[in-house]
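Undergrad: Okay, so here is coords_23.pdb, and as you'll see once you scroll down, it has PDB, C-alpha atoms.
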ATOM      1  CA  MET Y   1     -13.313  23.895  12.663
ATOM      2  CA  ILE Y   2     -13.694  20.676  14.661
ATOM      3  CA  ARG Y   3     -15.069  18.864  11.606
ATOM      4  CA  TRP Y   4     -12.045  19.797   9.477
ATOM      5  CA  TRP Y   5      -9.635  18.859  12.265
ATOM      6  CA  SER Y   6     -11.274  15.441  12.610
ATOM      7  CA  ARG Y   7     -10.650  14.863   8.906
ATOM      8  CA  LEU Y   8      -7.044  16.002   8.983
ATOM      9  CA  ARG Y   9      -6.050  14.448  12.318
ATOM     10  CA  PRO Y  10      -3.867  11.371  11.778
ATOM     11  CA  ASP Y  11      -5.566   8.067  12.577
ATOM     12  CA  ASN Y  12      -4.371   5.918  15.465
ATOM     13  CA  PHE Y  13      -2.330   3.669  13.197
ATOM     14  CA  THR Y  14      -0.453   6.617  11.709
ATOM     15  CA  LEU Y  15       0.253   7.905  15.218
ATOM     16  CA  ALA Y  16       1.559   4.431  16.077
ATOM     17  CA  LEU Y  17       3.795   4.537  12.983
ATOM     18  CA  LEU Y  18       5.235   7.879  14.088
ATOM     19  CA  ALA Y  19       5.816   6.516  17.585
ATOM     20  CA  THR Y  20       7.538   3.446  16.102
ATOM     21  CA  VAL Y  21       9.872   5.624  14.028
ATOM     22  CA  ALA Y  22      10.680   7.673  17.153
ATOM     23  CA  LEU Y  23      11.371   4.510  19.167
ATOM     24  CA  ALA Y  24      13.612   3.111  16.411
ATOM     25  CA  THR Y  25      15.469   6.427  16.348
ATOM     26  CA  LEU Y  26      16.059   6.464  20.105
ATOM     27  CA  LEU Y  27      16.423   2.727  20.779
ATOM     28  CA  PRO Y  28      17.447   0.828  17.634
ATOM     29  CA  LEU Y  29      18.274  -2.853  18.032
ATOM     30  CA  THR Y  30      21.690  -4.053  16.936
ATOM     31  CA  GLY Y  31      23.602  -7.318  16.713
ATOM     32  CA  THR Y  32      21.904 -10.534  17.838
ATOM     33  CA  ALA Y  33      18.729  -8.751  18.967
ATOM     34  CA  ALA Y  34      18.286  -7.187  15.521
ATOM     35  CA  ASP Y  35      18.857 -10.551  13.816
ATOM     36  CA  GLY Y  36      16.271 -12.193  16.077
ATOM     37  CA  LEU Y  37      13.720  -9.462  15.337
ATOM     38  CA  ASP Y  38      14.401  -9.855  11.612
ATOM     39  CA  ARG Y  39      13.614 -13.574  11.721
ATOM     40  CA  PHE Y  40      10.504 -12.962  13.819
ATOM     41  CA  THR Y  41       9.186 -10.346  11.382
ATOM     42  CA  ASP Y  42       9.634 -12.839   8.522
ATOM     43  CA  LEU Y  43       7.321 -15.257  10.332
ATOM     44  CA  ALA Y  44       4.851 -12.484  11.189
ATOM     45  CA  ILE Y  45       4.698 -11.369   7.538
ATOM     46  CA  ALA Y  46       4.020 -14.945   6.368
ATOM     47  CA  ALA Y  47       1.214 -15.234   8.933
ATOM     48  CA  LEU Y  48      -0.203 -11.886   7.814
ATOM     49  CA  PHE Y  49      -0.520 -12.991   4.177
ATOM     50  CA  PHE Y  50      -1.874 -16.395   5.219
ATOM     51  CA  LEU Y  51      -4.741 -14.581   6.959
ATOM     52  CA  HIS Y  52      -5.260 -12.287   3.954
ATOM     53  CA  GLY Y  53      -5.752 -15.380   1.800
ATOM     54  CA  ALA Y  54      -8.177 -16.893   4.291
ATOM     55  CA  ARG Y  55     -10.298 -13.719   4.315
ATOM     56  CA  LEU Y  56     -10.842 -13.464   0.546
ATOM     57  CA  PRO Y  57     -14.140 -15.072  -0.605
ATOM     58  CA  ARG Y  58     -13.805 -17.118  -3.781
ATOM     59  CA  GLU Y  59     -17.232 -15.911  -4.930
ATOM     60  CA  SER Y  60     -15.945 -12.330  -4.967
ATOM     61  CA  ILE Y  61     -12.967 -13.371  -7.076
ATOM     62  CA  ILE Y  62     -15.182 -15.065  -9.654
ATOM     63  CA  ALA Y  63     -17.696 -12.212  -9.783
ATOM     64  CA  GLY Y  64     -15.000  -9.600 -10.048
ATOM     65  CA  LEU Y  65     -12.919 -11.365 -12.703
ATOM     66  CA  LEU Y  66     -15.814 -11.179 -15.135
ATOM     67  CA  HIS Y  67     -15.355  -7.404 -15.248
ATOM     68  CA  TRP Y  68     -12.007  -7.635 -17.094
ATOM     69  CA  ARG Y  69     -12.175  -4.142 -18.632
ATOM     70  CA  LEU Y  70     -12.425  -2.520 -15.215
ATOM     71  CA  HIS Y  71      -9.494  -4.579 -13.914
ATOM     72  CA  LEU Y  72      -7.278  -3.736 -16.854
ATOM     73  CA  THR Y  73      -7.975  -0.036 -16.260
ATOM     74  CA  ILE Y  74      -7.052  -0.290 -12.569
ATOM     75  CA  LEU Y  75      -3.918  -2.329 -13.279
ATOM     76  CA  ALA Y  76      -2.846   0.169 -15.947
ATOM     77  CA  CYS Y  77      -3.222   3.025 -13.437
ATOM     78  CA  THR Y  78      -1.314   1.105 -10.760
ATOM     79  CA  PHE Y  79       1.536  -0.422 -12.755
ATOM     80  CA  VAL Y  80       1.846   1.887 -15.797
ATOM     81  CA  LEU Y  81       0.588   5.374 -14.953
ATOM     82  CA  PHE Y  82       2.233   5.641 -11.525
ATOM     83  CA  PRO Y  83       5.655   4.387 -12.678
ATOM     84  CA  LEU Y  84       5.534   7.013 -15.443
ATOM     85  CA  PHE Y  85       4.862   9.635 -12.750
ATOM     86  CA  GLY Y  86       7.928   8.367 -10.909
ATOM     87  CA  LEU Y  87      10.132   8.746 -13.980
ATOM     88  CA  VAL Y  88       8.848  12.300 -14.563
ATOM     89  CA  LEU Y  89      10.051  13.176 -11.044
ATOM     90  CA  LYS Y  90      13.610  11.999 -11.774
ATOM     91  CA  PRO Y  91      15.026  15.582 -12.004
ATOM     92  CA  LEU Y  92      14.341  15.881  -8.261
ATOM     93  CA  ALA Y  93      16.807  13.076  -7.472
ATOM     94  CA  GLY Y  94      20.016  14.452  -6.011
ATOM     95  CA  TRP Y  95      18.543  17.961  -5.894
ATOM     96  CA  ALA Y  96      15.400  18.094  -3.745
ATOM     97  CA  LEU Y  97      15.489  14.409  -2.788
ATOM     98  CA  THR Y  98      18.354  12.268  -1.575
ATOM     99  CA  PRO Y  99      19.065   9.242  -3.816
ATOM    100  CA  GLU Y 100      17.497   6.913  -1.216
ATOM    101  CA  LEU Y 101      14.316   8.983  -0.970
ATOM    102  CA  TYR Y 102      13.965   9.092  -4.741
ATOM    103  CA  ILE Y 103      14.313   5.294  -4.841
ATOM    104  CA  GLY Y 104      11.539   5.308  -2.240
ATOM    105  CA  VAL Y 105       9.364   7.454  -4.514
ATOM    106  CA  LEU Y 106       9.960   5.022  -7.399
ATOM    107  CA  PHE Y 107       9.144   2.135  -5.074
ATOM    108  CA  LEU Y 108       5.922   3.879  -4.024
ATOM    109  CA  CYS Y 109       4.969   4.259  -7.693
ATOM    110  CA  ALA Y 110       5.653   0.559  -8.389
ATOM    111  CA  LEU Y 111       3.566  -0.794  -5.501
ATOM    112  CA  PRO Y 112       0.174  -2.537  -5.833
ATOM    113  CA  SER Y 113      -3.082  -1.105  -4.542
ATOM    114  CA  THR Y 114      -4.390  -1.515  -1.008
ATOM    115  CA  VAL Y 115      -6.990  -4.137  -0.187
ATOM    116  CA  GLN Y 116      -8.940  -3.276   2.974
ATOM    117  CA  SER Y 117      -9.157   0.497   2.635
ATOM    118  CA  SER Y 118      -9.936   0.401  -1.104
ATOM    119  CA  ILE Y 119     -12.867  -1.902  -0.408
ATOM    120  CA  ALA Y 120     -13.987   0.145   2.611
ATOM    121  CA  PHE Y 121     -13.994   3.439   0.704
ATOM    122  CA  THR Y 122     -15.754   1.826  -2.279
ATOM    123  CA  SER Y 123     -18.449   0.584   0.100
ATOM    124  CA  ILE Y 124     -18.880   4.012   1.730
ATOM    125  CA  ALA Y 125     -19.125   5.670  -1.690
ATOM    126  CA  GLY Y 126     -21.728   3.184  -2.970
ATOM    127  CA  GLY Y 127     -19.540   1.614  -5.655
ATOM    128  CA  ASN Y 128     -19.135  -1.893  -7.069
ATOM    129  CA  ILE Y 129     -17.834  -3.734  -4.007
ATOM    130  CA  SER Y 130     -17.291  -7.156  -5.611
ATOM    131  CA  ALA Y 131     -15.197  -5.553  -8.360
ATOM    132  CA  ALA Y 132     -13.205  -3.634  -5.737
ATOM    133  CA  VAL Y 133     -12.509  -6.836  -3.771
ATOM    134  CA  CYS Y 134     -11.259  -8.635  -6.857
ATOM    135  CA  ALA Y 135      -9.306  -5.664  -8.243
ATOM    136  CA  ALA Y 136      -7.508  -4.973  -4.977
ATOM    137  CA  ALA Y 137      -6.677  -8.648  -4.420
ATOM    138  CA  LEU Y 138      -5.501  -9.101  -8.019
ATOM    139  CA  SER Y 139      -3.325  -6.001  -7.726
ATOM    140  CA  SER Y 140      -1.697  -7.315  -4.539
ATOM    141  CA  ILE Y 141      -1.001 -10.744  -6.040
ATOM    142  CA  LEU Y 142       0.443  -9.319  -9.258
ATOM    143  CA  GLY Y 143       2.487  -6.848  -7.231
ATOM    144  CA  VAL Y 144       4.520  -9.757  -5.887
ATOM    145  CA  PHE Y 145       5.886 -10.216  -9.413
ATOM    146  CA  LEU Y 146       5.506  -6.789 -10.996
ATOM    147  CA  THR Y 147       6.919  -4.559  -8.249
ATOM    148  CA  PRO Y 148      10.427  -6.133  -8.297
ATOM    149  CA  LEU Y 149      10.460  -6.152 -12.111
ATOM    150  CA  LEU Y 150       9.292  -2.540 -12.314
ATOM    151  CA  MET Y 151      11.938  -1.474  -9.798
ATOM    152  CA  THR Y 152      14.580  -3.176 -11.925
ATOM    153  CA  LEU Y 153      13.401  -1.143 -14.927
ATOM    154  CA  LEU Y 154      12.954   2.129 -13.014
ATOM    155  CA  ALA Y 155      15.963   2.091 -10.700
ATOM    156  CA  GLY Y 156      18.346  -0.565 -11.980
ATOM    157  CA  ALA Y 157      21.581  -0.958 -10.044
ATOM    158  CA  GLN Y 158      21.194   2.386  -8.227
ATOM    159  CA  GLY Y 159      18.373   0.939  -6.119
ATOM    160  CA  ALA Y 160      20.728  -1.349  -4.169
ATOM    161  CA  MET Y 161      18.262  -4.178  -4.781
ATOM    162  CA  ALA Y 162      18.734  -7.861  -4.446
ATOM    163  CA  ASN Y 163      18.935  -9.909  -7.631
ATOM    164  CA  PRO Y 164      15.470  -9.409  -9.222
ATOM    165  CA  LEU Y 165      14.820 -13.095  -9.881
ATOM    166  CA  HIS Y 166      16.014 -14.031  -6.410
ATOM    167  CA  ALA Y 167      13.837 -11.247  -4.966
ATOM    168  CA  VAL Y 168      10.744 -12.474  -6.834
ATOM    169  CA  GLY Y 169      11.381 -16.011  -5.584
ATOM    170  CA  ALA Y 170      11.827 -14.800  -2.005
ATOM    171  CA  ILE Y 171       8.680 -12.660  -2.191
ATOM    172  CA  VAL Y 172       6.657 -15.536  -3.665
ATOM    173  CA  LEU Y 173       7.857 -17.828  -0.875
ATOM    174  CA  GLN Y 174       7.229 -15.329   1.906
ATOM    175  CA  LEU Y 175       4.020 -13.654   0.661
ATOM    176  CA  LEU Y 176       2.256 -15.546  -2.129
ATOM    177  CA  VAL Y 177       2.671 -19.106  -0.842
ATOM    178  CA  PRO Y 178       1.141 -18.275   2.576
ATOM    179  CA  PHE Y 179      -1.623 -16.288   0.807
ATOM    180  CA  VAL Y 180      -2.540 -19.242  -1.423
ATOM    181  CA  ALA Y 181      -2.321 -21.657   1.521
ATOM    182  CA  GLY Y 182      -4.673 -19.462   3.548
ATOM    183  CA  HIS Y 183      -7.153 -19.266   0.682
ATOM    184  CA  LEU Y 184      -7.085 -23.030   0.105
ATOM    185  CA  LEU Y 185      -7.796 -23.583   3.806
ATOM    186  CA  ARG Y 186     -10.601 -21.015   3.800
ATOM    187  CA  PRO Y 187     -13.434 -23.636   3.823
ATOM    188  CA  TRP Y 188     -12.186 -24.826   7.231
ATOM    189  CA  ILE Y 189     -10.995 -21.605   8.878
ATOM    190  CA  ALA Y 190     -13.155 -18.857   7.305
ATOM    191  CA  ARG Y 191     -15.658 -18.744  10.178
ATOM    192  CA  TRP Y 192     -12.908 -18.449  12.768
ATOM    193  CA  VAL Y 193     -11.193 -15.719  10.743
ATOM    194  CA  GLU Y 194     -14.456 -13.759  10.462
ATOM    195  CA  ARG Y 195     -15.065 -14.039  14.206
ATOM    196  CA  GLN Y 196     -11.553 -12.735  14.878
ATOM    197  CA  ARG Y 197     -11.712  -9.903  12.295
ATOM    198  CA  ALA Y 198     -11.267  -7.103  14.878
ATOM    199  CA  LEU Y 199      -8.338  -8.876  16.542
ATOM    200  CA  LEU Y 200      -6.707  -9.732  13.219
ATOM    201  CA  ARG Y 201      -6.817  -6.067  12.156
ATOM    202  CA  TYR Y 202      -4.433  -5.333  15.016
ATOM    203  CA  THR Y 203      -2.308  -8.289  13.918
ATOM    204  CA  ASP Y 204      -2.003  -6.676  10.480
ATOM    205  CA  GLN Y 205      -1.020  -3.339  11.941
ATOM    206  CA  GLY Y 206       1.318  -4.880  14.505
ATOM    207  CA  THR Y 207       3.220  -6.736  11.784
ATOM    208  CA  ILE Y 208       3.733  -3.514   9.818
ATOM    209  CA  LEU Y 209       4.917  -1.709  12.955
ATOM    210  CA  LEU Y 210       7.436  -4.489  13.627
ATOM    211  CA  VAL Y 211       8.877  -4.254  10.118
ATOM    212  CA  VAL Y 212       8.988  -0.446  10.263
ATOM    213  CA  TYR Y 213      10.786  -0.583  13.628
ATOM    214  CA  ALA Y 214      13.356  -3.054  12.296
ATOM    215  CA  ALA Y 215      13.827  -1.084   9.048
ATOM    216  CA  PHE Y 216      14.237   2.280  10.711
ATOM    217  CA  GLY Y 217      16.412   0.875  13.485
ATOM    218  CA  GLU Y 218      18.848  -0.487  10.904
ATOM    219  CA  SER Y 219      18.715   2.760   8.933
ATOM    220  CA  VAL Y 220      19.263   4.943  11.999
ATOM    221  CA  THR Y 221      22.288   2.853  12.906
ATOM    222  CA  GLY Y 222      23.533   3.496   9.356
ATOM    223  CA  GLY Y 223      23.073   7.268   9.761
ATOM    224  CA  LEU Y 224      19.623   7.839   8.216
ATOM    225  CA  TRP Y 225      18.819  11.158   9.901
ATOM    226  CA  SER Y 226      22.324  12.571   9.685
ATOM    227  CA  LYS Y 227      22.362  11.882   5.925
ATOM    228  CA  THR Y 228      18.828  13.187   5.252
ATOM    229  CA  PRO Y 229      18.401  16.988   5.392
ATOM    230  CA  GLY Y 230      15.112  18.516   6.516
ATOM    231  CA  SER Y 231      14.590  20.036   3.079
ATOM    232  CA  ALA Y 232      14.622  16.533   1.537
ATOM    233  CA  LEU Y 233      11.986  15.345   4.034
ATOM    234  CA  LEU Y 234       9.795  18.338   3.171
ATOM    235  CA  ALA Y 235      10.294  17.632  -0.540
ATOM    236  CA  THR Y 236       9.178  14.028   0.040
ATOM    237  CA  VAL Y 237       5.934  15.244   1.596
ATOM    238  CA  LEU Y 238       5.350  17.632  -1.321
ATOM    239  CA  VAL Y 239       6.046  14.863  -3.859
ATOM    240  CA  ALA Y 240       3.475  12.603  -2.139
ATOM    241  CA  VAL Y 241       0.927  15.439  -2.215
ATOM    242  CA  LEU Y 242       1.689  16.065  -5.899
ATOM    243  CA  LEU Y 243       1.319  12.389  -6.832
ATOM    244  CA  LEU Y 244      -2.071  12.137  -5.158
ATOM    245  CA  ALA Y 245      -3.232  15.508  -6.529
ATOM    246  CA  ILE Y 246      -2.463  14.342 -10.081
ATOM    247  CA  ALA Y 247      -3.578  10.724  -9.725
ATOM    248  CA  MET Y 248      -7.059  11.077  -8.261
ATOM    249  CA  PRO Y 249      -8.563  13.627 -10.681
ATOM    250  CA  GLY Y 250      -6.630  12.071 -13.574
ATOM    251  CA  ILE Y 251      -7.992   8.573 -12.864
ATOM    252  CA  THR Y 252     -11.498   9.967 -12.346
ATOM    253  CA  TRP Y 253     -11.299  11.673 -15.755
ATOM    254  CA  LEU Y 254      -9.993   8.469 -17.362
ATOM    255  CA  ALA Y 255     -12.828   6.341 -15.919
ATOM    256  CA  ARG Y 256     -15.421   8.751 -17.272
ATOM    257  CA  ARG Y 257     -13.649   9.071 -20.595
ATOM    258  CA  LEU Y 258     -13.736   5.282 -21.010
ATOM    259  CA  GLY Y 259     -17.480   5.267 -20.381
ATOM    260  CA  PHE Y 260     -17.630   3.384 -17.067
ATOM    261  CA  SER Y 261     -20.777   3.660 -14.983
ATOM    262  CA  ARG Y 262     -20.671   5.680 -11.781
ATOM    263  CA  GLN Y 263     -20.753   2.469  -9.727
ATOM    264  CA  ASP Y 264     -17.665   1.166 -11.565
ATOM    265  CA  GLU Y 265     -15.925   4.556 -11.571
ATOM    266  CA  ILE Y 266     -15.740   4.449  -7.778
ATOM    267  CA  PRO Y 267     -13.537   1.305  -7.429
ATOM    268  CA  ILE Y 268     -11.387   2.515 -10.340
ATOM    269  CA  VAL Y 269     -10.718   5.788  -8.506
ATOM    270  CA  PHE Y 270     -10.016   4.208  -5.121
ATOM    271  CA  CYS Y 271      -8.139   1.066  -6.238
ATOM    272  CA  GLY Y 272      -6.232   2.888  -8.982
ATOM    273  CA  SER Y 273      -4.955   5.760  -6.835
ATOM    274  CA  LYS Y 274      -4.061   3.940  -3.603
ATOM    275  CA  LYS Y 275      -0.762   2.280  -2.725
ATOM    276  CA  SER Y 276      -0.355  -0.498  -0.188
ATOM    277  CA  LEU Y 277       1.745   0.068   2.903
ATOM    278  CA  ALA Y 278       0.845  -3.414   4.159
ATOM    279  CA  THR Y 279       2.272  -5.059   1.039
ATOM    280  CA  GLY Y 280       4.979  -2.481   0.369
ATOM    281  CA  VAL Y 281       6.871  -2.774   3.636
ATOM    282  CA  PRO Y 282       7.305  -6.589   3.446
ATOM    283  CA  ILE Y 283       8.310  -6.380  -0.230
ATOM    284  CA  ALA Y 284      10.837  -3.648   0.576
ATOM    285  CA  LYS Y 285      12.305  -5.809   3.313
ATOM    286  CA  VAL Y 286      13.060  -8.544   0.770
ATOM    287  CA  LEU Y 287      13.901  -6.295  -2.159
ATOM    288  CA  PHE Y 288      16.365  -3.846  -0.627
ATOM    289  CA  ALA Y 289      19.531  -4.462   1.325
ATOM    290  CA  GLY Y 290      21.636  -2.387   3.676
ATOM    291  CA  GLY Y 291      20.809   0.596   5.864
ATOM    292  CA  SER Y 292      18.757   2.521   3.287
ATOM    293  CA  LEU Y 293      15.498   0.638   3.899
ATOM    294  CA  GLY Y 294      14.100   3.241   6.311
ATOM    295  CA  ALA Y 295      14.496   6.065   3.794
ATOM    296  CA  ILE Y 296      13.024   3.907   1.019
ATOM    297  CA  VAL Y 297       9.799   3.133   2.925
ATOM    298  CA  LEU Y 298       9.377   6.727   4.151
ATOM    299  CA  PRO Y 299       7.552   7.994   1.002
ATOM    300  CA  ILE Y 300       4.947   5.208   1.159
ATOM    301  CA  MET Y 301       4.358   5.941   4.861
ATOM    302  CA  ILE Y 302       3.675   9.598   4.019
ATOM    303  CA  TYR Y 303       1.511   8.746   1.001
ATOM    304  CA  HIS Y 304      -0.427   6.251   3.120
ATOM    305  CA  GLN Y 305      -1.678   8.944   5.500
ATOM    306  CA  LEU Y 306      -2.452  11.400   2.702
ATOM    307  CA  GLN Y 307      -4.482   8.865   0.718
ATOM    308  CA  LEU Y 308      -6.567   7.975   3.761
ATOM    309  CA  ILE Y 309      -7.464  11.621   4.414
ATOM    310  CA  VAL Y 310      -8.260  12.472   0.795
ATOM    311  CA  CYS Y 311     -10.129   9.236   0.028
ATOM    312  CA  ALA Y 312     -12.273   9.628   3.154
ATOM    313  CA  VAL Y 313     -13.397  13.066   1.934
ATOM    314  CA  ILE Y 314     -14.045  11.853  -1.628
ATOM    315  CA  ALA Y 315     -15.937   8.742  -0.469
ATOM    316  CA  GLN Y 316     -18.267  10.907   1.593
ATOM    317  CA  ARG Y 317     -18.783  13.202  -1.404
ATOM    318  CA  TYR Y 318     -19.751  10.249  -3.591
ATOM    319  CA  ALA Y 319     -22.144   9.042  -0.864
ATOM    320  CA  ARG Y 320     -23.839  12.458  -0.634
ATOM    321  CA  GLN Y 321     -24.205  12.630  -4.414
ATOM    322  CA  ASN Y 322     -25.750   9.147  -4.475
ATOM    323  CA  ALA Y 323     -28.272  10.201  -1.835
ATOM    324  CA  GLN Y 324     -29.489  13.169  -3.883
TER     325      GLN Y 324
END
Show how you would write the structure in this file as structure tokens.

TA:
Amino acid sequence: MIRWWSRLRPDNFTLALLATVALATLLPLTGTAADGLDRFTDLAIAALFFLHGARLPRESIIAGLLHWRLHLTILACTFVLFPLFGLVLKPLAGWALTPELYIGVLFLCALPSTVQSSIAFTSIAGGNISAAVCAAALSSILGVFLTPLLMTLLAGAQGAMANPLHAVGAIVLQLLVPFVAGHLLRPWIARWVERQRALLRYTDQGTILLVVYAAFGESVTGGLWSKTPGSALLATVLVAVLLLAIAMPGITWLARRLGFSRQDEIPIVFCGSKKSLATGVPIAKVLFAGGSLGAIVLPIMIYHQLQLIVCAVIAQRYARQNAQ
């Protein structure tokens, strides 16, 4: 009983996310204070991606890029298979899901893979770590360009998005430029970054919490909870469960069908099925306007917790099978 509870219990970061949503609901910032927080979060996001670039070893990029077939499979799962799942769920829009929540589901499906957790789970499971590092990083970089373009195709004008080209330019400036700058400066700051790894993990999480607080505060002021029935929230949870329940076994089957080794199957499963909250929230902040941002990021917040629970169980299963 205790073992199962420890698997299902939300991690500390998820509990912090829930507390942040509660705080934004009770004490949302408005006016000048909200504008000041918005500018501060822009700077925090740029710093976050600068540090991501500084952490990524160039040797891992080179080693991983040689495995092009694996990367194409992961990218196809992330940016083709998932968006198709999102389109299949369109009948739920306006019925089980509010329009904003369905846009959030489409946004979830268009997001790149995670970086840190994909690599961590691949390591636990005994998979190809260098390929996972490269695949996750490549997915995040391409997501800067592909996520806005996919959302234009999937949602069009109903998504209340900024101009797609303007959005891509803003995302490149705020996310990719700091990332590249951090990576170029890696020879001089890599040792410091490695020494501060534990502290920087909290910087990552703190930045996400800031953006979530600002997003939900604006949405609450715009009437998020009064416009979102409980049945729609429950449907969002069920949709996230359904997406993960289809994606993980489907991607596992695909990797085996394509003849990948067990060591390569592992990063395909973890990188191909996961979606990045750390990248998604900053992109959403640039991509969407108005008071609907809180509802739009809600599906990825739910999916984030589910993927951590399920991937932890599957990684341990792979590890036990490797030990036999």

Undergrad: Evaluate the PyMOL selection byres ((chain Y and resi 176-190) around 6) against this structure - the residues, as a list of chain:residue names, please.

TA: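 Checking the PyMOL selection byres ((chain Y and resi 176-190) around 6) against this file, the residues are Y:Ala46, Y:Phe49, Y:Phe50, Y:Leu51, Y:Gly53, Y:Ala54, Y:Val172, Y:Leu173, Y:Leu175, Y:Arg191, Y:Trp192, Y:Val193.
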
Undergrad: Go through Y:Ala76, Y:Leu209, Y:Val105, Y:Leu70 one by one, measure the shortest atom-to-atom distance of each to Glu265 (chain Y) using all atoms listed in the file, and give the residue with the smallest value.

TA: Y:Leu70

Undergrad: Once the PyMOL selection byres ((chain Y and resi 142) around 10) has been applied to the shown file, what residues remain in the selection, as a ChimeraX atom specification?

TA: /Y:75,79,111-112,137-141,143-147,176

Undergrad: Please report the interatomic distance between CA of Ala131 (chain Y) and CA of Arg320 (chain Y) in Å with one decimal.

TA: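 About the pair CA of Ala131 (chain Y) and CA of Arg320 (chain Y): they are 21.4 Å apart.
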
Undergrad: Can you list what the PyMOL selection byres ((chain Y and resi 296-301) around 7) grabs from this structure, as an MDAnalysis selection string?

TA: chainID Y and resid 100:101 103:105 108 236 240 277 281 292:295 302:305

Undergrad: Within 10 Å of Ala247 (chain Y), counting all atoms listed in the file, which residues show up once you throw out same-chain ones fewer than 2 positions away? Write them as a ChimeraX atom specification, please.

TA: /Y:77-78,81-82,85,241-245,249-253,269,272-274

Undergrad: Figure out the distance between CA of Gly223 (chain Y) and CA of Leu210 (chain Y), please, to one decimal in Å.

TA: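 Separating CA of Leu210 (chain Y) from CA of Gly223 (chain Y) is a distance of 19.9 Å.
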
Undergrad: To one decimal in Å, tell me the separation between CA of Val133 (chain Y) and CA of Val237 (chain Y).

TA: 29.3 Å

Undergrad: Give the answer as one residue: which of Y:Pro83, Y:Pro57, Y:Pro28, Y:Gly280 has the shortest atom-to-atom distance to Glu218 (chain Y), using only C-alpha atoms?

TA: Y:Pro28

Undergrad: I'd like to know which of Y:Ile171, Y:Ile283, Y:Ala110, Y:Leu97 is closest to Ala235 (chain Y), using all atoms listed in the file.

TA: Y:Leu97

Undergrad: In the coordinate frame of the file, compute which residues have an atom within 12 Å of (-17.4, 3.3, -17.1) when using all atoms listed in the file, and state them as a PyMOL selection string.

TA: chain Y and resi 67+69-71+73-74+127-128+251-269

Undergrad: Identify the residues around (12.0, -2.4, 11.1) within a radius of 12 Å, measuring from all atoms listed in the file in the coordinates stated by the file, and give them as an MDAnalysis selection string.

TA: chainID Y and resid 17 20:25 27:30 34:42 206:221 281:282 284:285 291:298

Undergrad: Axis-aligned box over every listed atom of region 150-154 of chain Y, padded by 3 Å per side: centre and edges in Å to one decimal, as lines of an AutoDock Vina configuration file?

TA:
center_x = 11.9
center_y = -0.5
center_z = -12.4
size_x = 11.3
size_y = 11.3
size_z = 11.1

Undergrad: Tell me, as a list in words, which residues lie within 10 Å of Lys90 (chain Y), counting only C-alpha atoms; anything in the same chain fewer than 2 positions away does not count.

TA: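 Skipping anything fewer than 2 positions along the chain leaves Phe85, Gly86, Leu87, Val88, Leu92, Ala93, Gly94, Trp95, Leu97, Tyr102, Ile103, Val105, Leu106 and Leu154 of chain Y.
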
Undergrad: With C-alpha atoms retained, export the selected residues as a PDB file, in the coordinates of the input.

TA:
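Result saved to selection.pdb:
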ATOM      1  CA  PHE Y  85       4.862   9.635 -12.750  1.00  0.00           C
ATOM      2  CA  GLY Y  86       7.928   8.367 -10.909  1.00  0.00           C
ATOM      3  CA  LEU Y  87      10.132   8.746 -13.980  1.00  0.00           C
ATOM      4  CA  VAL Y  88       8.848  12.300 -14.563  1.00  0.00           C
ATOM      5  CA  LEU Y  92      14.341  15.881  -8.261  1.00  0.00           C
ATOM      6  CA  ALA Y  93      16.807  13.076  -7.472  1.00  0.00           C
ATOM      7  CA  GLY Y  94      20.016  14.452  -6.011  1.00  0.00           C
ATOM      8  CA  TRP Y  95      18.543  17.961  -5.894  1.00  0.00           C
ATOM      9  CA  LEU Y  97      15.489  14.409  -2.788  1.00  0.00           C
ATOM     10  CA  TYR Y 102      13.965   9.092  -4.741  1.00  0.00           C
ATOM     11  CA  ILE Y 103      14.313   5.294  -4.841  1.00  0.00           C
ATOM     12  CA  VAL Y 105       9.364   7.454  -4.514  1.00  0.00           C
ATOM     13  CA  LEU Y 106       9.960   5.022  -7.399  1.00  0.00           C
ATOM     14  CA  LEU Y 154      12.954   2.129 -13.014  1.00  0.00           C
TER      15      LEU Y 154
END

Undergrad: So, counting only C-alpha atoms, which residue among Y:Ala155, Y:Ala278, Y:Leu238, Y:Ile119 is closest to Cys311 (chain Y)?

TA: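 Result for the nearest residue to Cys311 (chain Y): Y:Ile119.
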